Structures are given as C-alpha cells and as structure tokens.
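Peer 1: What follows is a single structure, and I will ask about it in a moment.
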Amino acid sequence: MSNRDPAPDPPVVTAGTTGGPAHEVLMSRSFAVGDGTMVRRLLPQRRLRTIGAWCFADHYGPDDVVDNAGMVVPPHPHTGLQTVSWLLEGEIVHRDSLGTTQRVGPRELSLMTSGRGIAHSEVSPEDRPPLLFGVQLWVALPDEARHGEASYEHHTDLPVVRYGPLTATVVLGEHEGTASPGTTFSRLVGLDVHVDGDGILPLDPEFEHAVFVIDGHATIDGDPADVGSLVHVGTGQDALQLSGEDSRVMVLGGEPLGEPLVLWWNFVCRTGEEVAQAREDWAQESDRFGKVEGYHGLRLEAPPLGPARLLPRS
Ligand code: MN
C-alpha cells in the first residue's frame with residue numbers, strides 16, 4: 001500500500017526513545033485514501049514513532065468491495081523498508097518491479113523488502129471476495145541493510161503458538177523460539193493473536209511492544225480496547241494479559257532500533273537529502289525503482305517536497 005496521507009506528518013521519526021515499561025492507550029487517526037477507503041493509522045504517532053523497527057501501521061476495513069473497485073494502489077516506490085501485507089479477509093494482487101505477480105489471501109504473509117529501491121502495485125482482483133479487511137505494516141531496514149537488494153516473499157504456512165485461549169500466529173520475526181519464515185533484518189516480532197477468553201501472552205522483556213485490536217473488542221492489560229486504539233507497552237515486560245471473545249489483536253515488538261529515521265511518503269531514509277534523491281529518482285524513472293509490468297493505469301507521482309517539513313520538530 002502507498003502512504004497517501006496528504007500531509008505526512010510528522011515526517012521525522014526518532015527511534016529508540018521508548019525505553020522502560022509503559023502503559024499508554026493511543027488512538028489512531030482516520031483518513032481517506034485513494035477512492036475513499038478509510039484507514040486507521042496507528043503508527044507513527046506524535047507520541048509514538050516506532051516500535052522496534054516497526055515504523056508504520058494502517059488498519060482498514062472490513063469494507064464491502066462488491067460494488068466498487070476495492071483496493072487500487074497504482075505503482076509507487078519504496079526504499080529503506082519492508083512492507084508487510086496481512087489480510088483478515090479478501091484478496092489482493094501484488095505486482096512489483098522484480099517481475100513478481102502474486103495473489104495474496106487471508107493469513108498469508110506478503111513481505112516485500114525494498115533494499116535500496118523497488119516499486120509495486122496492489123489491487124483487488126476482478127473475482128474478489130466481497131470483503132476487504134487487513135493491516136499494512138512497514139519495518140524500517142537497519143542502516144547496514146537499507147542499501148541492499150530488493151526481494152519479495154509470499155508465505156502461506158506460518159507457525160502458530162497456543163497459550164490456552166490465545167492462539168498466536170507468528171507473522172514475522174520470532175516469538176518464544178518459534179520463527180516466521182519471513183526474512184528479517186533486526187530482532188522483532190509481529191503476532192496475530194486470536195483471543196477467546198482470558199489468557200497470558202509471554203513477551204520478550206528486551207523488546208518494546210505495542211498492541212492493537214484488529215477485530216472485535218479486547219482487554220489489554222486491564223484496558224478495554226476497540227479497533228482504532230493501540231496500547232503502548234514499553235520494554236521490560238515479560239507478559240501481557242489479554243481477554244476477549246473471538247477477538248483478534250496484533251502484537252508488534254522489537255529491539256529498539258536506535259537509529260533516527262526520516263519518513264516521507266513511501267520512503268524511509270536518514271536525511272532530507274536522501275528523501276529528495278529518492279523522490280528525484282522516482283520522478284526521473286531511474287533504474288533504482290524499476291518498472292511494474294502488468295498494471296493497467298498510471299503510476300503514482302510523489303507529492304511536492306516541502307523542505308521545511310523535513311526539519312525536526314525538536
Ligand atoms: Mn507500498
């Protein structure tokens with residue numbers, strides 16, 4: 001998915017600033033993207049910029065896509081990140097400048113590593129199921145990996161760990177010795193947890209964590225939470241209390257990244273100059289991002305670059 005926030009704000013993310021235990025409930029911002037689809041942006045927020053290397057989280061749907069085109073995200077570039085598409089319902093077709101065409105369904109990991117540059121499109125197929133419901137996540141690549149090669153992975157068989165009424169699918173990273181097959185570049189975890197009763201989920205106390213509801217209602221460490229709210233759990237916690245009735249939550253965690261990031265549009269960089277270069281490389285159709293074949297329509301152009309927006313807010 002492309003970040004179509006008309007005012008990508010705040011553009012500057014300072015990583016690794018959330019040390020120590022925390023318990024704070026934050027609300028998503030909602031806005032329309034593209035054809036009017038509403039998304040709930042859970043990350044980044046002014047009060048919480050990153051969780052480990054996780055630097056972006058949108059939750060959308062369930063949307064009825066019978067009488068409209070569903071997801072239509074034209075070709076757009078990425079650098080410095082991995083995109084994680086995770087569907088609860090529906091299907092999308094991913095195409096990228098490596099030549100990949102992949103149909104992705106619910107509970108399947110669609111993982112794209114941009115390295116220095118890649119372009120992709122995501123659309124609902126013509127013979128789509130009636131609902132579209134999912135999560136789009138970005139993982140910042142650490143400095144030593146962000147200039148590397150681009151790649152795409154699709155994994156349909158993800159490991160599941162059970163704790164009584166909690167059923168945790170390891171979408172990405174590692175949880176209690178159980179690892180997702182998806183490639184990672186820093187220590188992190190992304191879990192989709194089905195909650196049906198009261199349970200305890202172990203956490204890695206070296207990680208910082210955030211939890212948000214993706215379906216239904218849940219109680220997270222004593223706080224009632226609905227779709228659109230995120231509970232920030234800092235570092236140093238070794239367990240999380242979860243309760244719900246046929247609910248699902250997403251748990252994101254990771255070792256604090258400790259690198260300052262500059263997020264602008266679909267780019268994760270380190271400086272404003274790097275953002276400007278990436279924008280120029282896309283505008284000039286350079287080989288850096290390549291071309292998405294098989295998409296019928298125009299690619300997305302980057303919004304104007306406002307130099308002032310790249311300055312830290314201090
Ligand atoms: Mn994208």
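Lettering and numbering for the structure tokens are positional, with chains as A, B, ... in the shown order, residues counted from 1 in each chain, and ligands counted from 1 in the shown order.
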Any idea what's packed within 7 Å of Arg128 (chain A), counting only C-alpha atoms, ignoring anything in its chain fewer than 2 positions away? Could you give it as a PyMOL selection string?
Peer 2: chain A and resi 90-91+124-126+130
Peer 1: With a distance cut-off of 8 Å and only C-alpha atoms, select the neighbouring residues of Gly70 (chain A), excluding the residue or stretch itself and same-chain residues fewer than 6 positions from it, and output the selection as a compact mmCIF listing (two decimals) with all heavy atoms, in the first residue's frame.
Peer 2:
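Final output, saved to part.txt:
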# COMPACT_ATOMS: atom_id res chain seq x y z
N ASP A 64 -16.94 -3.40 2.18
CA ASP A 64 -17.66 -4.13 1.13
C ASP A 64 -17.08 -3.69 -0.22
O ASP A 64 -17.13 -2.51 -0.55
CB ASP A 64 -19.15 -3.79 1.22
CG ASP A 64 -19.98 -4.61 0.26
OD1 ASP A 64 -19.46 -5.01 -0.81
OD2 ASP A 64 -21.16 -4.85 0.55
N VAL A 123 -3.74 -4.37 -6.02
CA VAL A 123 -5.12 -4.17 -6.44
C VAL A 123 -5.98 -5.36 -6.04
O VAL A 123 -5.50 -6.49 -5.90
CB VAL A 123 -5.23 -3.99 -7.99
CG1 VAL A 123 -4.46 -2.75 -8.45
CG2 VAL A 123 -4.75 -5.22 -8.72
N SER A 124 -7.27 -5.09 -5.87
CA SER A 124 -8.22 -6.18 -5.68
C SER A 124 -8.44 -6.86 -7.02
O SER A 124 -8.63 -6.19 -8.03
CB SER A 124 -9.56 -5.63 -5.16
OG SER A 124 -9.41 -5.05 -3.90
N LEU A 132 -13.00 -6.69 2.19
CA LEU A 132 -11.57 -6.41 2.26
C LEU A 132 -11.27 -5.88 3.65
O LEU A 132 -11.90 -4.92 4.12
CB LEU A 132 -11.18 -5.38 1.19
CG LEU A 132 -9.68 -5.07 1.09
CD1 LEU A 132 -8.88 -6.31 0.71
CD2 LEU A 132 -9.44 -3.95 0.08
Peer 1: DSSP says alpha helix (DSSP H) for which residues of region 36-285 of chain A? Put them as a list of chain:residue names?
Peer 2: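 Going through region 36-285 of chain A, the alpha helix (DSSP H) residues come out as A:Gly272, A:Glu273, A:Glu274, A:Val275, A:Ala276, A:Gln277, A:Ala278, A:Arg279, A:Glu280, A:Asp281, A:Trp282, A:Ala283.
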Peer 1: State, in Å with one decimal place, the distance from CA of Gly134 (chain A) to CA of Ile92 (chain A).
Peer 2: 10.5 Å
Peer 1: Can you work out which one of A:His94, A:Ser243, A:Thr101, A:Ser151 has the shortest atom-to-atom distance to Gly164 (chain A), counting only C-alpha atoms?
Peer 2: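 For Gly164 (chain A), the nearest of the given residues is A:Ser243.
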Peer 1: Could you tell me which of A:Tyr60, A:Phe207, A:Trp54, A:Phe267 comes closest to ligand 1 if we count only C-alpha atoms and all ligand atoms?
Peer 2: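 For ligand 1, the nearest of the candidates is A:Phe267.
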Peer 1: Where does DSSP see strand (DSSP E or B) in region 97-302 of chain A, if you list the residues as a PyMOL selection string?
Peer 2: chain A and resi 101-104+109-113+118-123+131-140+151-155+160-163+166-175+178-179+188-202+208-215+217-220+223-227+229-233+239-254+260-264+267-269
Peer 1: Excluding Leu43 (chain A) and any residue of its chain fewer than 6 positions from it, enumerate the residues within 7 Å of it, using only C-alpha atoms, and give them as an mmCIF file with N, CA and C atoms, in the first residue's frame.
Peer 2:
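Wrote it out as around_1.cif, contents follow:
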data_model
loop_
_atom_site.group_PDB
_atom_site.id
_atom_site.type_symbol
_atom_site.label_atom_id
_atom_site.label_comp_id
_atom_site.auth_asym_id
_atom_site.auth_seq_id
_atom_site.Cartn_x
_atom_site.Cartn_y
_atom_site.Cartn_z
ATOM 1 N N ARG A 49 6.675 6.922 17.764
ATOM 2 C CA ARG A 49 7.137 6.961 16.380
ATOM 3 C C ARG A 49 7.456 5.576 15.838
ATOM 4 N N CYS A 55 7.633 0.795 11.844
ATOM 5 C CA CYS A 55 7.573 2.259 11.744
ATOM 6 C C CYS A 55 6.276 2.759 11.110
ATOM 7 N N PHE A 56 5.365 1.859 10.771
ATOM 8 C CA PHE A 56 4.131 2.277 10.102
ATOM 9 C C PHE A 56 3.109 1.157 10.278
ATOM 10 N N ALA A 57 1.870 1.533 10.641
ATOM 11 C CA ALA A 57 0.804 0.533 10.761
ATOM 12 C C ALA A 57 -0.530 1.176 10.404
#
Peer 1: Which of these, A:Gly222, A:Gly117, A:Gly190, A:Gly52, has the shortest distance to ligand 1 once you count only C-alpha atoms and all ligand atoms?
Peer 2: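 Closest candidate: A:Gly117.
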Peer 1: I want to know what sits within 9 Å of region 282-290 of chain A, based on only C-alpha atoms, with residues of the same chain fewer than 2 positions away left out; could you give that as number ranges by chain?
Peer 2: A: 76-79, 96-98, 114, 116-119, 277-280, 292, 301-302
Peer 1: Have a look at CA of Gln82 (chain A) and CA of Pro21 (chain A) and let me know their distance in Å, one decimal.
Peer 2: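 According to the coordinates, CA of Gln82 (chain A) and CA of Pro21 (chain A) are separated by 27.0 Å.
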Peer 1: Which residue is closest to Asp226 (chain A)? Choose from A:Gln45, A:Ser247, A:Thr113, A:Thr50 and count only C-alpha atoms.
Peer 2: A:Ser247
